[in-house]
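As structure tokens, the structure follows; a few thoughts come after it.
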Amino acid sequence: MEKSVLGLHLPTDPRWVDLAGMSLEEILTDHAYCEQKAATSCISLIQRYSDREALVTELAPIVTEEWGHFRLVLAELQRRGLRLGRQRRDEYVGALSPFEIKGGPEEDKLLDKLLLCALIEARSCERFKRLSEGLDDEYLRGFYRRFMESEAGHYTLFIELALTYVPEEKVRRRWAQWLAHEAAVMATLEVRGDRMH
């Protein structure tokens, strides 16, 4: 499987970084909740697939890491005298989710859950890369560089878990479908600096 997040078919609009830089309280708030939701998604996978030893073993430390990321973003908000705002609906994930297989064989449902997580992590990684290169704030560039490196590892982990439980050809085929769907979703979303996705 391709390891690079450059497998995403549609890059982030370059205007997004400038808009995010003008909306630091909003982008940091949204980022904090994204980390929180990543932790709860891993908990949900562990609960649902407790019989899958590799999945449980690999995702348990990710829960801790994602919650640690939430705390890091929260601390950055506080350091800057900014406030953690209210959680808002994630339009990106909301548009991706209907593509997920909900019925049929358990293997297909597990595959889609893992690939959806991989895709969200890949897009997050790509966004963090943009922030690490394009923000005017030198400290925040380094802050997001560290997040970028972490999210890349998470992206590959979800792909590797899919390959643990599902034949490679099936994973490749479905991943290609998810990438095409994600590009179509990205093309329809408004470029907003107050959202991480």
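The chains in the structure tokens are called A, B, ... from first to last as shown; in each chain the residues are counted from 1, and the ligands are counted from 1 in the order shown.
Residues within 10 Å of A:Leu8, counting only C-alpha atoms and excluding same-chain residues fewer than 5 positions away, are Leu119, Ala122, Arg123, Glu126, Ala176, Trp178, Leu179, Ala180, Glu182 and Ala183 of chain A.
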Practice item. Tell me, as a list in words, which residues lie within 10 Å of A:Trp175, counting only C-alpha atoms; anything in the same chain fewer than 5 positions away does not count. Key: Met1, Leu111, Asp112, Leu115, Leu116, Ala118, Leu119, Ile159, Glu169, Lys170, Ala180 and His181 of chain A
Polymer residues at most 10 Å from A:Phe70, only C-alpha atoms, same-chain spacing of 3 or more positions, as a PDB file with all heavy atoms, in the first residue's frame:
```
ATOM      1  N   LEU A  28      -7.820  26.318  16.325  1.00  0.00           N
ATOM      2  CA  LEU A  28      -7.316  25.538  17.452  1.00  0.00           C
ATOM      3  C   LEU A  28      -8.462  24.835  18.186  1.00  0.00           C
ATOM      4  O   LEU A  28      -8.319  23.690  18.620  1.00  0.00           O
ATOM      5  CB  LEU A  28      -6.519  26.425  18.410  1.00  0.00           C
ATOM      6  CG  LEU A  28      -5.126  26.831  17.906  1.00  0.00           C
ATOM      7  CD1 LEU A  28      -4.545  27.956  18.761  1.00  0.00           C
ATOM      8  CD2 LEU A  28      -4.168  25.642  17.893  1.00  0.00           C
ATOM      9  N   THR A  29      -9.588  25.500  18.307  1.00  0.00           N
ATOM     10  CA  THR A  29     -10.763  24.861  18.915  1.00  0.00           C
ATOM     11  C   THR A  29     -11.189  23.647  18.101  1.00  0.00           C
ATOM     12  O   THR A  29     -11.408  22.551  18.643  1.00  0.00           O
ATOM     13  CB  THR A  29     -11.927  25.858  19.023  1.00  0.00           C
ATOM     14  OG1 THR A  29     -11.647  26.804  20.070  1.00  0.00           O
ATOM     15  CG2 THR A  29     -13.250  25.167  19.343  1.00  0.00           C
ATOM     16  N   HIS A  31      -9.419  21.941  15.999  1.00  0.00           N
ATOM     17  CA  HIS A  31      -8.367  20.935  16.087  1.00  0.00           C
ATOM     18  C   HIS A  31      -8.485  20.149  17.395  1.00  0.00           C
ATOM     19  O   HIS A  31      -8.377  18.918  17.400  1.00  0.00           O
ATOM     20  CB  HIS A  31      -7.000  21.617  15.985  1.00  0.00           C
ATOM     21  CG  HIS A  31      -5.841  20.688  16.097  1.00  0.00           C
ATOM     22  ND1 HIS A  31      -4.553  21.116  16.221  1.00  0.00           N
ATOM     23  CD2 HIS A  31      -5.777  19.330  16.135  1.00  0.00           C
ATOM     24  CE1 HIS A  31      -3.736  20.085  16.312  1.00  0.00           C
ATOM     25  NE2 HIS A  31      -4.459  18.980  16.277  1.00  0.00           N
ATOM     26  N   ALA A  32      -8.722  20.848  18.499  1.00  0.00           N
ATOM     27  CA  ALA A  32      -8.850  20.163  19.796  1.00  0.00           C
ATOM     28  C   ALA A  32      -9.956  19.115  19.746  1.00  0.00           C
ATOM     29  O   ALA A  32      -9.767  17.973  20.182  1.00  0.00           O
ATOM     30  CB  ALA A  32      -9.131  21.192  20.896  1.00  0.00           C
ATOM     31  N   TYR A  33     -11.097  19.486  19.189  1.00  0.00           N
ATOM     32  CA  TYR A  33     -12.208  18.529  19.126  1.00  0.00           C
ATOM     33  C   TYR A  33     -11.928  17.391  18.145  1.00  0.00           C
ATOM     34  O   TYR A  33     -12.380  16.271  18.356  1.00  0.00           O
ATOM     35  CB  TYR A  33     -13.507  19.246  18.784  1.00  0.00           C
ATOM     36  CG  TYR A  33     -14.040  20.046  19.954  1.00  0.00           C
ATOM     37  CD1 TYR A  33     -14.196  21.424  19.872  1.00  0.00           C
ATOM     38  CD2 TYR A  33     -14.380  19.422  21.160  1.00  0.00           C
ATOM     39  CE1 TYR A  33     -14.674  22.160  20.949  1.00  0.00           C
ATOM     40  CE2 TYR A  33     -14.858  20.145  22.235  1.00  0.00           C
ATOM     41  CZ  TYR A  33     -15.005  21.518  22.127  1.00  0.00           C
ATOM     42  OH  TYR A  33     -15.471  22.241  23.199  1.00  0.00           O
ATOM     43  N   CYS A  34     -11.178  17.662  17.089  1.00  0.00           N
ATOM     44  CA  CYS A  34     -10.792  16.586  16.168  1.00  0.00           C
ATOM     45  C   CYS A  34      -9.952  15.541  16.901  1.00  0.00           C
ATOM     46  O   CYS A  34     -10.135  14.328  16.697  1.00  0.00           O
ATOM     47  CB  CYS A  34      -9.999  17.141  14.986  1.00  0.00           C
ATOM     48  SG  CYS A  34     -10.997  18.033  13.781  1.00  0.00           S
ATOM     49  N   GLU A  35      -9.034  15.995  17.751  1.00  0.00           N
ATOM     50  CA  GLU A  35      -8.210  15.057  18.518  1.00  0.00           C
ATOM     51  C   GLU A  35      -9.074  14.261  19.493  1.00  0.00           C
ATOM     52  O   GLU A  35      -8.892  13.053  19.663  1.00  0.00           O
ATOM     53  CB  GLU A  35      -7.103  15.802  19.268  1.00  0.00           C
ATOM     54  CG  GLU A  35      -6.118  16.554  18.385  1.00  0.00           C
ATOM     55  CD  GLU A  35      -5.239  15.654  17.529  1.00  0.00           C
ATOM     56  OE1 GLU A  35      -5.256  14.426  17.716  1.00  0.00           O
ATOM     57  OE2 GLU A  35      -4.516  16.190  16.661  1.00  0.00           O
ATOM     58  N   GLN A  36     -10.022  14.933  20.114  1.00  0.00           N
ATOM     59  CA  GLN A  36     -10.929  14.250  21.044  1.00  0.00           C
ATOM     60  C   GLN A  36     -11.739  13.181  20.318  1.00  0.00           C
ATOM     61  O   GLN A  36     -11.878  12.050  20.805  1.00  0.00           O
ATOM     62  CB  GLN A  36     -11.861  15.296  21.676  1.00  0.00           C
ATOM     63  CG  GLN A  36     -12.681  14.794  22.835  1.00  0.00           C
ATOM     64  CD  GLN A  36     -13.570  15.895  23.366  1.00  0.00           C
ATOM     65  OE1 GLN A  36     -14.743  15.962  23.004  1.00  0.00           O
ATOM     66  NE2 GLN A  36     -13.031  16.755  24.210  1.00  0.00           N
ATOM     67  N   LYS A  37     -12.250  13.530  19.151  1.00  0.00           N
ATOM     68  CA  LYS A  37     -13.051  12.569  18.380  1.00  0.00           C
ATOM     69  C   LYS A  37     -12.192  11.402  17.877  1.00  0.00           C
ATOM     70  O   LYS A  37     -12.672  10.269  17.799  1.00  0.00           O
ATOM     71  CB  LYS A  37     -13.753  13.275  17.216  1.00  0.00           C
ATOM     72  CG  LYS A  37     -14.945  14.118  17.676  1.00  0.00           C
ATOM     73  CD  LYS A  37     -15.640  14.808  16.523  1.00  0.00           C
ATOM     74  CE  LYS A  37     -14.980  16.102  16.171  1.00  0.00           C
ATOM     75  NZ  LYS A  37     -15.761  16.949  15.253  1.00  0.00           N
ATOM     76  N   ALA A  38     -10.930  11.665  17.569  1.00  0.00           N
ATOM     77  CA  ALA A  38     -10.036  10.584  17.148  1.00  0.00           C
ATOM     78  C   ALA A  38      -9.855   9.580  18.285  1.00  0.00           C
ATOM     79  O   ALA A  38      -9.858   8.359  18.065  1.00  0.00           O
ATOM     80  CB  ALA A  38      -8.685  11.150  16.710  1.00  0.00           C
ATOM     81  N   ALA A  39      -9.714  10.084  19.503  1.00  0.00           N
ATOM     82  CA  ALA A  39      -9.575   9.195  20.660  1.00  0.00           C
ATOM     83  C   ALA A  39     -10.838   8.359  20.856  1.00  0.00           C
ATOM     84  O   ALA A  39     -10.764   7.139  21.060  1.00  0.00           O
ATOM     85  CB  ALA A  39      -9.271  10.013  21.921  1.00  0.00           C
ATOM     86  N   THR A  64      -4.524   7.045  24.055  1.00  0.00           N
ATOM     87  CA  THR A  64      -3.750   7.893  24.967  1.00  0.00           C
ATOM     88  C   THR A  64      -3.077   9.031  24.213  1.00  0.00           C
ATOM     89  O   THR A  64      -3.071  10.179  24.656  1.00  0.00           O
ATOM     90  CB  THR A  64      -2.684   7.048  25.693  1.00  0.00           C
ATOM     91  OG1 THR A  64      -3.329   5.941  26.335  1.00  0.00           O
ATOM     92  CG2 THR A  64      -1.934   7.864  26.716  1.00  0.00           C
ATOM     93  N   GLU A  65      -2.519   8.705  23.056  1.00  0.00           N
ATOM     94  CA  GLU A  65      -1.809   9.720  22.264  1.00  0.00           C
ATOM     95  C   GLU A  65      -2.758  10.806  21.771  1.00  0.00           C
ATOM     96  O   GLU A  65      -2.453  12.001  21.862  1.00  0.00           O
ATOM     97  CB  GLU A  65      -1.108   9.049  21.079  1.00  0.00           C
ATOM     98  CG  GLU A  65      -0.205   9.986  20.313  1.00  0.00           C
ATOM     99  CD  GLU A  65       0.549   9.296  19.197  1.00  0.00           C
ATOM    100  OE1 GLU A  65       0.627   8.053  19.192  1.00  0.00           O
ATOM    101  OE2 GLU A  65       1.056  10.011  18.323  1.00  0.00           O
ATOM    102  N   GLU A  66      -3.922  10.400  21.255  1.00  0.00           N
ATOM    103  CA  GLU A  66      -4.874  11.390  20.740  1.00  0.00           C
ATOM    104  C   GLU A  66      -5.400  12.272  21.873  1.00  0.00           C
ATOM    105  O   GLU A  66      -5.582  13.476  21.697  1.00  0.00           O
ATOM    106  CB  GLU A  66      -6.039  10.696  20.029  1.00  0.00           C
ATOM    107  CG  GLU A  66      -5.659   9.880  18.796  1.00  0.00           C
ATOM    108  CD  GLU A  66      -5.305  10.717  17.580  1.00  0.00           C
ATOM    109  OE1 GLU A  66      -4.963  11.907  17.710  1.00  0.00           O
ATOM    110  OE2 GLU A  66      -5.359  10.163  16.468  1.00  0.00           O
ATOM    111  N   TRP A  67      -5.642  11.673  23.042  1.00  0.00           N
ATOM    112  CA  TRP A  67      -6.105  12.491  24.159  1.00  0.00           C
ATOM    113  C   TRP A  67      -4.994  13.437  24.612  1.00  0.00           C
ATOM    114  O   TRP A  67      -5.257  14.591  24.989  1.00  0.00           O
ATOM    115  CB  TRP A  67      -6.584  11.614  25.327  1.00  0.00           C
ATOM    116  CG  TRP A  67      -7.323  12.448  26.323  1.00  0.00           C
ATOM    117  CD1 TRP A  67      -6.895  12.836  27.554  1.00  0.00           C
ATOM    118  CD2 TRP A  67      -8.611  13.044  26.150  1.00  0.00           C
ATOM    119  NE1 TRP A  67      -7.844  13.630  28.161  1.00  0.00           N
ATOM    120  CE2 TRP A  67      -8.902  13.776  27.326  1.00  0.00           C
ATOM    121  CE3 TRP A  67      -9.553  13.014  25.111  1.00  0.00           C
ATOM    122  CZ2 TRP A  67     -10.099  14.481  27.486  1.00  0.00           C
ATOM    123  CZ3 TRP A  67     -10.738  13.721  25.273  1.00  0.00           C
ATOM    124  CH2 TRP A  67     -10.998  14.443  26.444  1.00  0.00           C
ATOM    125  N   VAL A  73      -3.318  20.872  22.478  1.00  0.00           N
ATOM    126  CA  VAL A  73      -4.007  21.972  21.783  1.00  0.00           C
ATOM    127  C   VAL A  73      -4.718  22.864  22.797  1.00  0.00           C
ATOM    128  O   VAL A  73      -4.705  24.097  22.682  1.00  0.00           O
ATOM    129  CB  VAL A  73      -4.977  21.435  20.718  1.00  0.00           C
ATOM    130  CG1 VAL A  73      -5.662  22.585  19.992  1.00  0.00           C
ATOM    131  CG2 VAL A  73      -4.239  20.560  19.702  1.00  0.00           C
ATOM    132  N   LEU A  74      -5.328  22.252  23.797  1.00  0.00           N
ATOM    133  CA  LEU A  74      -5.983  23.021  24.855  1.00  0.00           C
ATOM    134  C   LEU A  74      -4.972  23.933  25.557  1.00  0.00           C
ATOM    135  O   LEU A  74      -5.242  25.118  25.804  1.00  0.00           O
ATOM    136  CB  LEU A  74      -6.635  22.063  25.849  1.00  0.00           C
ATOM    137  CG  LEU A  74      -7.436  22.687  26.989  1.00  0.00           C
ATOM    138  CD1 LEU A  74      -8.600  23.511  26.458  1.00  0.00           C
ATOM    139  CD2 LEU A  74      -7.938  21.595  27.937  1.00  0.00           C
ATOM    140  N   ALA A  75      -3.794  23.379  25.855  1.00  0.00           N
ATOM    141  CA  ALA A  75      -2.746  24.177  26.504  1.00  0.00           C
ATOM    142  C   ALA A  75      -2.292  25.324  25.611  1.00  0.00           C
ATOM    143  O   ALA A  75      -1.999  26.429  26.102  1.00  0.00           O
ATOM    144  CB  ALA A  75      -1.558  23.280  26.863  1.00  0.00           C
ATOM    145  N   GLU A  76      -2.236  25.086  24.301  1.00  0.00           N
ATOM    146  CA  GLU A  76      -1.833  26.150  23.374  1.00  0.00           C
ATOM    147  C   GLU A  76      -2.875  27.268  23.340  1.00  0.00           C
ATOM    148  O   GLU A  76      -2.527  28.457  23.290  1.00  0.00           O
ATOM    149  CB  GLU A  76      -1.603  25.568  21.982  1.00  0.00           C
ATOM    150  CG  GLU A  76      -1.061  26.548  20.965  1.00  0.00           C
ATOM    151  CD  GLU A  76       0.278  27.164  21.354  1.00  0.00           C
ATOM    152  OE1 GLU A  76       1.023  26.578  22.165  1.00  0.00           O
ATOM    153  OE2 GLU A  76       0.573  28.260  20.844  1.00  0.00           O
TER     154      GLU A  76
END
```
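Between A:Met186 and the candidates A:Tyr92, A:Phe143, A:Trp16, A:Phe99, the tightest atom-to-atom separation, counting only C-alpha atoms, involves A:Tyr92.
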Check your understanding: Which of stretch 12-133 of chain A counts as helix (DSSP H, G or I) under DSSP, as a ChimeraX atom specification please?
Key -> /A:15-21,24-48,53-79,91-99,106-133
**Study point:** Test item: residues at most 8 Å from A:Ala60, only C-alpha atoms, excluding those fewer than 2 positions along its chain, as a VMD selection string
**Key:** chain A and resid 42 to 43 46 56 to 58 62 to 64
Exercise for review: One decimal, Å: what's the distance from atom CA of A:Arg88 over to atom CA of A:Arg71, could you say?
Suggested key: 18.3 Å
Check your understanding: Of the candidates A:Gly94, A:Gly85, A:Pro61, A:Gly68, which one gets nearest to A:Glu26 if we count only C-alpha atoms?
Key -> A:Gly85
Point to revise | For atom CA of A:Arg52 and atom CA of A:Cys117, the interatomic separation in Å (one decimal) | key: 16.8 Å
